[in-house]
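The file final30.csv contains CSV, C-alpha atoms:
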```csv
chain,number,residue,atom,x,y,z
A,7,MET,CA,25.6,52.2,103.3
A,8,THR,CA,22.3,53.2,101.7
A,9,PRO,CA,19.4,52.9,104.2
A,10,ALA,CA,16.5,50.5,103.4
A,11,ARG,CA,13.4,52.1,101.9
A,12,SER,CA,10.2,51.5,103.7
A,13,PRO,CA,7.1,49.9,102.0
A,14,ILE,CA,5.4,53.3,102.1
A,15,THR,CA,8.3,55.0,100.4
A,16,LEU,CA,8.5,52.3,97.7
A,17,ALA,CA,4.7,52.5,97.1
A,18,LEU,CA,5.0,56.3,96.7
A,19,ALA,CA,7.9,55.9,94.3
A,20,ALA,CA,5.9,53.4,92.2
A,21,SER,CA,2.9,55.7,92.1
A,22,LEU,CA,5.0,58.6,91.0
A,23,SER,CA,6.6,56.6,88.2
A,24,LEU,CA,3.1,55.6,87.0
A,25,LEU,CA,2.0,59.2,87.1
A,26,LEU,CA,5.1,60.4,85.2
A,27,ALA,CA,4.6,57.6,82.6
A,28,ALA,CA,0.9,58.5,82.2
A,29,GLY,CA,1.8,62.2,81.8
A,30,ALA,CA,4.4,61.4,79.2
A,31,ALA,CA,2.0,59.2,77.2
A,32,GLU,CA,-0.6,62.0,77.4
A,33,ALA,CA,1.9,64.6,76.3
A,34,ALA,CA,3.1,62.5,73.3
A,35,PRO,CA,1.1,63.2,70.2
A,36,GLN,CA,-1.0,60.3,69.0
A,37,ALA,CA,0.0,59.0,65.6
A,38,GLY,CA,-2.3,59.2,62.6
A,39,ALA,CA,-2.5,57.4,59.3
A,40,LEU,CA,-2.8,57.9,55.6
A,41,THR,CA,-4.9,55.8,53.3
A,42,GLY,CA,-6.4,56.1,49.9
A,43,GLN,CA,-6.5,54.9,46.3
A,44,ILE,CA,-4.4,55.7,43.3
A,45,ARG,CA,-5.8,54.9,39.8
A,46,VAL,CA,-3.6,54.5,36.9
A,47,LYS,CA,-4.5,55.6,33.4
A,48,LYS,CA,-2.9,54.5,30.1
A,49,ASP,CA,-3.6,56.6,27.0
A,50,GLY,CA,-6.3,58.4,28.9
A,51,LYS,CA,-8.1,55.2,29.9
A,52,LEU,CA,-8.2,53.5,33.3
A,53,LYS,CA,-6.1,50.3,33.5
A,54,SER,CA,-7.5,47.1,34.9
A,55,SER,CA,-4.8,46.9,37.5
A,56,HIS,CA,-3.4,49.9,39.6
A,57,GLU,CA,-0.6,48.0,41.4
A,58,ARG,CA,3.0,49.0,42.1
A,59,VAL,CA,2.5,52.7,42.5
A,60,VAL,CA,4.5,53.9,45.5
A,61,VAL,CA,3.2,56.6,47.9
A,62,TYR,CA,5.7,58.0,50.4
A,63,LEU,CA,6.0,61.0,52.7
A,64,GLU,CA,8.7,63.6,52.7
A,65,GLY,CA,9.6,65.8,55.6
A,66,VAL,CA,8.8,63.5,58.6
A,67,ARG,CA,11.6,64.3,61.0
A,68,GLY,CA,13.1,62.3,63.9
A,69,TYR,CA,12.7,58.9,62.4
A,70,SER,CA,15.7,56.8,61.3
A,71,VAL,CA,15.5,54.6,58.3
A,72,ARG,CA,16.3,50.9,58.8
A,73,PRO,CA,17.3,48.6,56.0
A,74,GLY,CA,14.6,46.1,55.2
A,75,LYS,CA,15.2,42.4,54.9
A,76,THR,CA,16.9,41.2,51.7
A,77,HIS,CA,14.6,42.0,48.7
A,78,GLU,CA,14.7,39.5,45.8
A,79,ILE,CA,14.3,40.4,42.1
A,80,ARG,CA,14.4,37.1,40.3
A,81,GLN,CA,15.5,36.5,36.8
A,82,ARG,CA,13.0,34.2,35.2
A,83,ASN,CA,12.1,33.7,31.5
A,84,GLN,CA,14.5,36.4,30.6
A,85,GLN,CA,12.6,39.0,32.7
A,86,PHE,CA,13.1,40.6,36.1
A,87,THR,CA,10.4,39.7,38.6
A,88,PRO,CA,9.1,42.0,40.0
A,89,SER,CA,10.0,44.6,37.4
A,90,VAL,CA,9.2,47.4,39.8
A,91,SER,CA,10.3,47.5,43.5
A,92,VAL,CA,10.6,49.9,46.4
A,93,VAL,CA,13.1,49.4,49.2
A,94,THR,CA,14.5,51.5,52.1
A,95,LYS,CA,18.0,52.9,52.0
A,96,GLY,CA,20.6,50.3,53.0
A,97,THR,CA,18.5,47.3,51.9
A,98,ARG,CA,20.3,44.5,50.2
A,99,VAL,CA,18.8,43.4,46.9
A,100,ALA,CA,19.4,39.8,45.6
A,101,PHE,CA,19.2,38.8,41.9
A,102,PRO,CA,18.7,35.0,41.8
A,103,ASN,CA,19.1,33.4,38.3
A,104,ASP,CA,16.2,31.0,37.8
A,105,ASP,CA,16.9,30.6,34.0
A,106,ARG,CA,19.0,27.9,32.4
A,107,ILE,CA,21.3,30.5,30.9
A,108,PHE,CA,23.8,33.0,32.1
A,109,HIS,CA,22.8,36.5,33.1
A,110,ASN,CA,24.9,39.7,33.9
A,111,VAL,CA,23.0,42.2,36.1
A,112,PHE,CA,24.2,45.7,36.1
A,113,SER,CA,23.2,49.4,36.7
A,114,THR,CA,24.8,52.7,35.7
A,115,SER,CA,22.3,54.8,37.8
A,116,ARG,CA,23.9,57.3,40.2
A,117,PRO,CA,22.3,56.0,43.4
A,118,ALA,CA,23.7,52.5,42.7
A,119,ARG,CA,26.4,51.7,40.1
A,120,PHE,CA,27.2,48.0,40.0
A,121,ASP,CA,28.1,45.1,37.8
A,122,LEU,CA,27.5,41.6,39.1
A,123,GLY,CA,29.3,39.9,36.2
A,124,LEU,CA,28.2,36.7,34.6
A,125,TYR,CA,26.6,34.0,36.7
A,126,GLN,CA,24.9,30.8,36.0
A,127,SER,CA,21.5,29.1,36.6
A,128,GLY,CA,20.7,28.4,40.3
A,129,THR,CA,23.1,31.0,41.7
A,130,SER,CA,22.5,34.5,43.1
A,131,LYS,CA,24.3,37.7,43.6
A,132,SER,CA,23.3,40.8,45.6
A,133,VAL,CA,24.1,44.4,46.1
A,134,GLU,CA,23.3,46.9,48.9
A,135,PHE,CA,21.3,50.0,47.8
A,136,ARG,CA,22.9,52.7,50.0
A,137,ARG,CA,21.5,55.9,48.4
A,138,LYS,CA,18.0,57.1,47.8
A,139,GLY,CA,16.8,57.6,44.2
A,140,VAL,CA,15.7,55.5,41.2
A,141,VAL,CA,17.9,52.6,40.1
A,142,ASP,CA,17.5,51.2,36.6
A,143,VAL,CA,18.6,47.5,36.5
A,144,PHE,CA,19.5,45.7,33.3
A,145,CYS,CA,21.1,42.5,32.0
A,146,ASN,CA,24.2,42.9,29.8
A,147,ILE,CA,23.2,39.9,27.7
A,148,HIS,CA,19.5,40.4,27.1
A,149,PRO,CA,18.3,43.9,26.0
A,150,ASN,CA,14.6,43.2,27.0
A,151,MET,CA,15.4,42.7,30.7
A,152,ILE,CA,14.6,45.9,32.5
A,153,ALA,CA,13.7,46.6,36.2
A,154,ARG,CA,13.3,49.8,38.2
A,155,VAL,CA,13.9,50.2,41.9
A,156,LEU,CA,12.9,53.2,44.0
A,157,VAL,CA,15.1,53.6,47.1
A,158,VAL,CA,13.4,55.7,49.8
A,159,ASP,CA,14.9,57.3,53.0
A,160,THR,CA,11.7,57.2,55.0
A,161,PRO,CA,9.8,54.4,56.8
A,162,PHE,CA,6.5,56.0,55.8
A,163,TYR,CA,5.6,54.5,52.5
A,164,ASP,CA,3.5,51.8,50.8
A,165,GLU,CA,2.9,50.2,47.4
A,166,THR,CA,-0.6,50.0,45.9
A,167,ASP,CA,-2.4,46.7,45.4
A,168,ALA,CA,-4.2,45.8,42.2
A,169,ARG,CA,-7.1,48.0,43.1
A,170,GLY,CA,-4.8,50.9,43.8
A,171,ARG,CA,-5.3,50.9,47.6
A,172,PHE,CA,-2.6,51.8,50.1
A,173,GLN,CA,-2.2,52.6,53.8
A,174,ILE,CA,0.6,54.1,55.8
A,175,PRO,CA,0.1,53.8,59.6
A,176,GLY,CA,1.9,55.3,62.6
A,177,ILE,CA,2.5,58.8,61.2
A,178,PRO,CA,3.3,61.6,63.6
A,179,PRO,CA,0.9,64.6,63.4
A,180,GLY,CA,2.1,67.3,61.0
A,181,THR,CA,1.9,68.6,57.4
A,182,TYR,CA,3.9,66.7,54.8
A,183,THR,CA,4.4,66.2,51.1
A,184,ALA,CA,3.0,62.9,49.8
A,185,VAL,CA,4.8,61.8,46.7
A,186,ILE,CA,3.0,59.4,44.3
A,187,TRP,CA,5.6,57.7,42.3
A,188,GLN,CA,5.3,55.3,39.3
A,189,ALA,CA,8.0,53.6,37.4
A,190,TYR,CA,7.4,55.0,33.9
A,191,GLY,CA,5.4,58.2,34.4
A,192,PRO,CA,5.5,61.6,36.1
A,193,GLU,CA,5.3,61.6,39.9
A,194,VAL,CA,2.5,63.6,41.6
A,195,ARG,CA,3.0,65.6,44.8
A,196,ARG,CA,0.2,66.5,47.3
A,197,THR,CA,0.3,68.3,50.6
A,198,ILE,CA,-1.2,66.1,53.4
A,199,THR,CA,-2.0,67.1,57.0
A,200,ILE,CA,-2.0,64.3,59.6
A,201,GLU,CA,-4.1,64.9,62.7
A,202,PRO,CA,-3.6,63.1,66.0
A,203,GLY,CA,-5.4,59.7,66.1
A,204,LYS,CA,-7.1,60.4,62.7
A,205,VAL,CA,-6.9,58.9,59.2
A,206,ALA,CA,-6.2,61.2,56.3
A,207,THR,CA,-7.2,60.1,52.8
A,208,LEU,CA,-5.6,60.6,49.5
A,209,GLU,CA,-7.0,59.8,46.1
A,210,ALA,CA,-5.4,60.6,42.7
A,211,GLU,CA,-5.1,59.5,39.1
A,212,VAL,CA,-1.7,59.1,37.4
A,213,GLU,CA,-0.9,58.7,33.7
A,214,GLU,CA,1.4,55.8,32.9
A,215,GLY,CA,4.2,56.4,30.5
A,216,GLU,CA,6.0,54.1,28.0
A,217,ARG,CA,8.2,51.4,29.4
A,218,PRO,CA,11.5,51.2,27.3
A,219,ARG,CA,11.6,47.9,25.4
A,220,GLN,CA,15.4,47.7,25.2
A,221,HIS,CA,18.5,49.3,26.6
A,222,ARG,CA,22.2,49.5,25.8
A,223,ARG,CA,25.1,47.5,27.2
A,224,LYS,CA,27.0,48.6,30.3
A,225,ASP,CA,29.6,50.1,28.0
A,226,GLY,CA,27.0,52.2,26.2
A,227,THR,CA,27.1,50.2,22.9
A,228,PRO,CA,24.0,48.6,21.3
A,229,TYR,CA,23.4,44.8,21.6
A,230,GLY,CA,23.8,44.1,17.9
A,231,ARG,CA,23.2,40.4,17.4
A,232,TYR,CA,20.7,40.2,20.3
A,233,GLU,CA,18.3,42.8,18.8
```

So that I can check it, write out the structure of this file as structure tokens.
Amino acid sequence: MTPARSPITLALAASLSLLLAAGAAEAAPQAGALTGQIRVKKDGKLKSSHERVVVYLEGVRGYSVRPGKTHEIRQRNQQFTPSVSVVTKGTRVAFPNDDRIFHNVFSTSRPARFDLGLYQSGTSKSVEFRRKGVVDVFCNIHPNMIARVLVVDTPFYDETDARGRFQIPGIPPGTYTAVIWQAYGPEVRRTITIEPGKVATLEAEVEEGERPRQHRRKDGTPYGRYE
């Protein structure tokens, strides 16, 4: 039978636990953050909106990537909305059909090859994006429907707003590669050092490339009568 512990013993044990907890908290490095602004140029001139540029960190170890909540890319007016998205690996992406016509969403990209088949207005189908990389999404009926999804394997990322601003909090101290990714232009890489309890800044300009206007069917043939 275990002997009862006296109030003094219990108090000493509680104090020791508090000291150990305080020591662990003091030993643990304080997280930092990364913030900044990315400006987008088109044909050498600044655009009015600098949104949907993704900034993410490579080389942050010891952090598991959790799938996000289901992300929606809606089909509306024969377009994908949004046309550019970023999700974490393992996230399920749904494609609701808001048009009064049939659609057939598909991709032949290596990170996610899928064919959701024909489905009608008011219905939705989805697919889980299990591998990192860039996924091009098309409709097998309408050649003008194009979307691009970046799948990342890190929790440390953000997407710029219309002014090009972004912020990534809770980053462990260290030196990492910050990747600036845009859907239709070259990505930019910068070395970033995060110090404990401090905010690092990143500013850059990127040149937007040309978005393809059409694509081929899932079997590689042209659309013919839809062109």

Using only C-alpha atoms, determine which residues lie at most 6 Å from range 178-186 of chain A, disregarding the query and same-chain residues fewer than 6 positions distant; provide the list as a ChimeraX atom specification.
/A:37,60-65,193-202

Saved selection, atoms kept: C-alpha atoms, as a compact mmCIF listing (two decimals), in the coordinates of the input:
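Saved file again-v6.txt follows:
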```
# COMPACT_ATOMS: atom_id res chain seq x y z
CA ALA A 37 0.00 59.00 65.60
CA VAL A 60 4.50 53.90 45.50
CA VAL A 61 3.20 56.60 47.90
CA TYR A 62 5.70 58.00 50.40
CA LEU A 63 6.00 61.00 52.70
CA GLU A 64 8.70 63.60 52.70
CA GLY A 65 9.60 65.80 55.60
CA GLU A 193 5.30 61.60 39.90
CA VAL A 194 2.50 63.60 41.60
CA ARG A 195 3.00 65.60 44.80
CA ARG A 196 0.20 66.50 47.30
CA THR A 197 0.30 68.30 50.60
CA ILE A 198 -1.20 66.10 53.40
CA THR A 199 -2.00 67.10 57.00
CA ILE A 200 -2.00 64.30 59.60
CA GLU A 201 -4.10 64.90 62.70
CA PRO A 202 -3.60 63.10 66.00
```

Hey, what's within 10 Å of range 97-108 of chain A if we count only C-alpha atoms and toss same-chain stuff fewer than 3 positions away? As a PyMOL selection string, please?
chain A and resi 72-87+92-94+111+122-137+145+147-148+155+157

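Nearest residue to Val205 in chain A, choosing from A:Arg171, A:Gln36, A:Thr41, A:Asp142 and counting all atoms listed in the file: A:Thr41.
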
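Distances here use only C-alpha atoms; by that measure, the residue among A:Glu209, A:Gly215, A:Gly203, A:Ala189 closest to Val59 in chain A is A:Ala189.
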
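For the atom pair formed by CA of Tyr69 in chain A and CA of Gly170 in chain A, the distance is 26.8 Å, given to one decimal.
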
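Here CA of Arg45 in chain A is placed at a distance of 20.7 Å from CA of Pro175 in chain A.
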
What lies within 8 Å of Ser91 in chain A using only C-alpha atoms, ignoring chain neighbours under 3 positions off, as a list in words?
Arg58, Pro88, Arg154, Val155 and Leu156 of chain A

With 8 Å added on each side, what axis-aligned box encloses every listed atom of range 192-204 of chain A? Give the centre and edge lengths in Å to one decimal, as JSON.
```
{"center_x": -0.8, "center_y": 64.0, "center_z": 51.1, "size_x": 28.6, "size_y": 24.6, "size_z": 46.0}
```

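For the pair CA of Phe144 in chain A and CA of Ser113 in chain A, the interatomic distance is 6.2 Å.
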
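Proximity of A:Ala153, A:Val158, A:Ile44, A:Val212 to Gly139 in chain A, computed with all atoms listed in the file, is greatest for A:Val158.
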
Given the choices A:Arg217, A:Asp225, A:Val46, A:Leu208, which gets closest to Phe172 in chain A if the distance is worked out from all atoms listed in the file?
A:Leu208

For Glu214 in chain A, list every protein, DNA or RNA residue within 7 Å, evaluated using only C-alpha atoms, and leave out those in the same chain fewer than 4 positions away; present the list as an MDAnalysis selection string.
chainID A and resid 46:48 190:191

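Of the residues under consideration (A:Thr166, A:Gln43, A:Thr207, A:Ser89), A:Ser89 shows the shortest atom-to-atom contact distance to Asn150 in chain A when counting only C-alpha atoms.
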
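In terms of minimum interatomic distance to Ala206 in chain A, A:Leu40 ranks closest within A:Arg67, A:Ala168, A:Asp159, A:Leu40, counting only C-alpha atoms.
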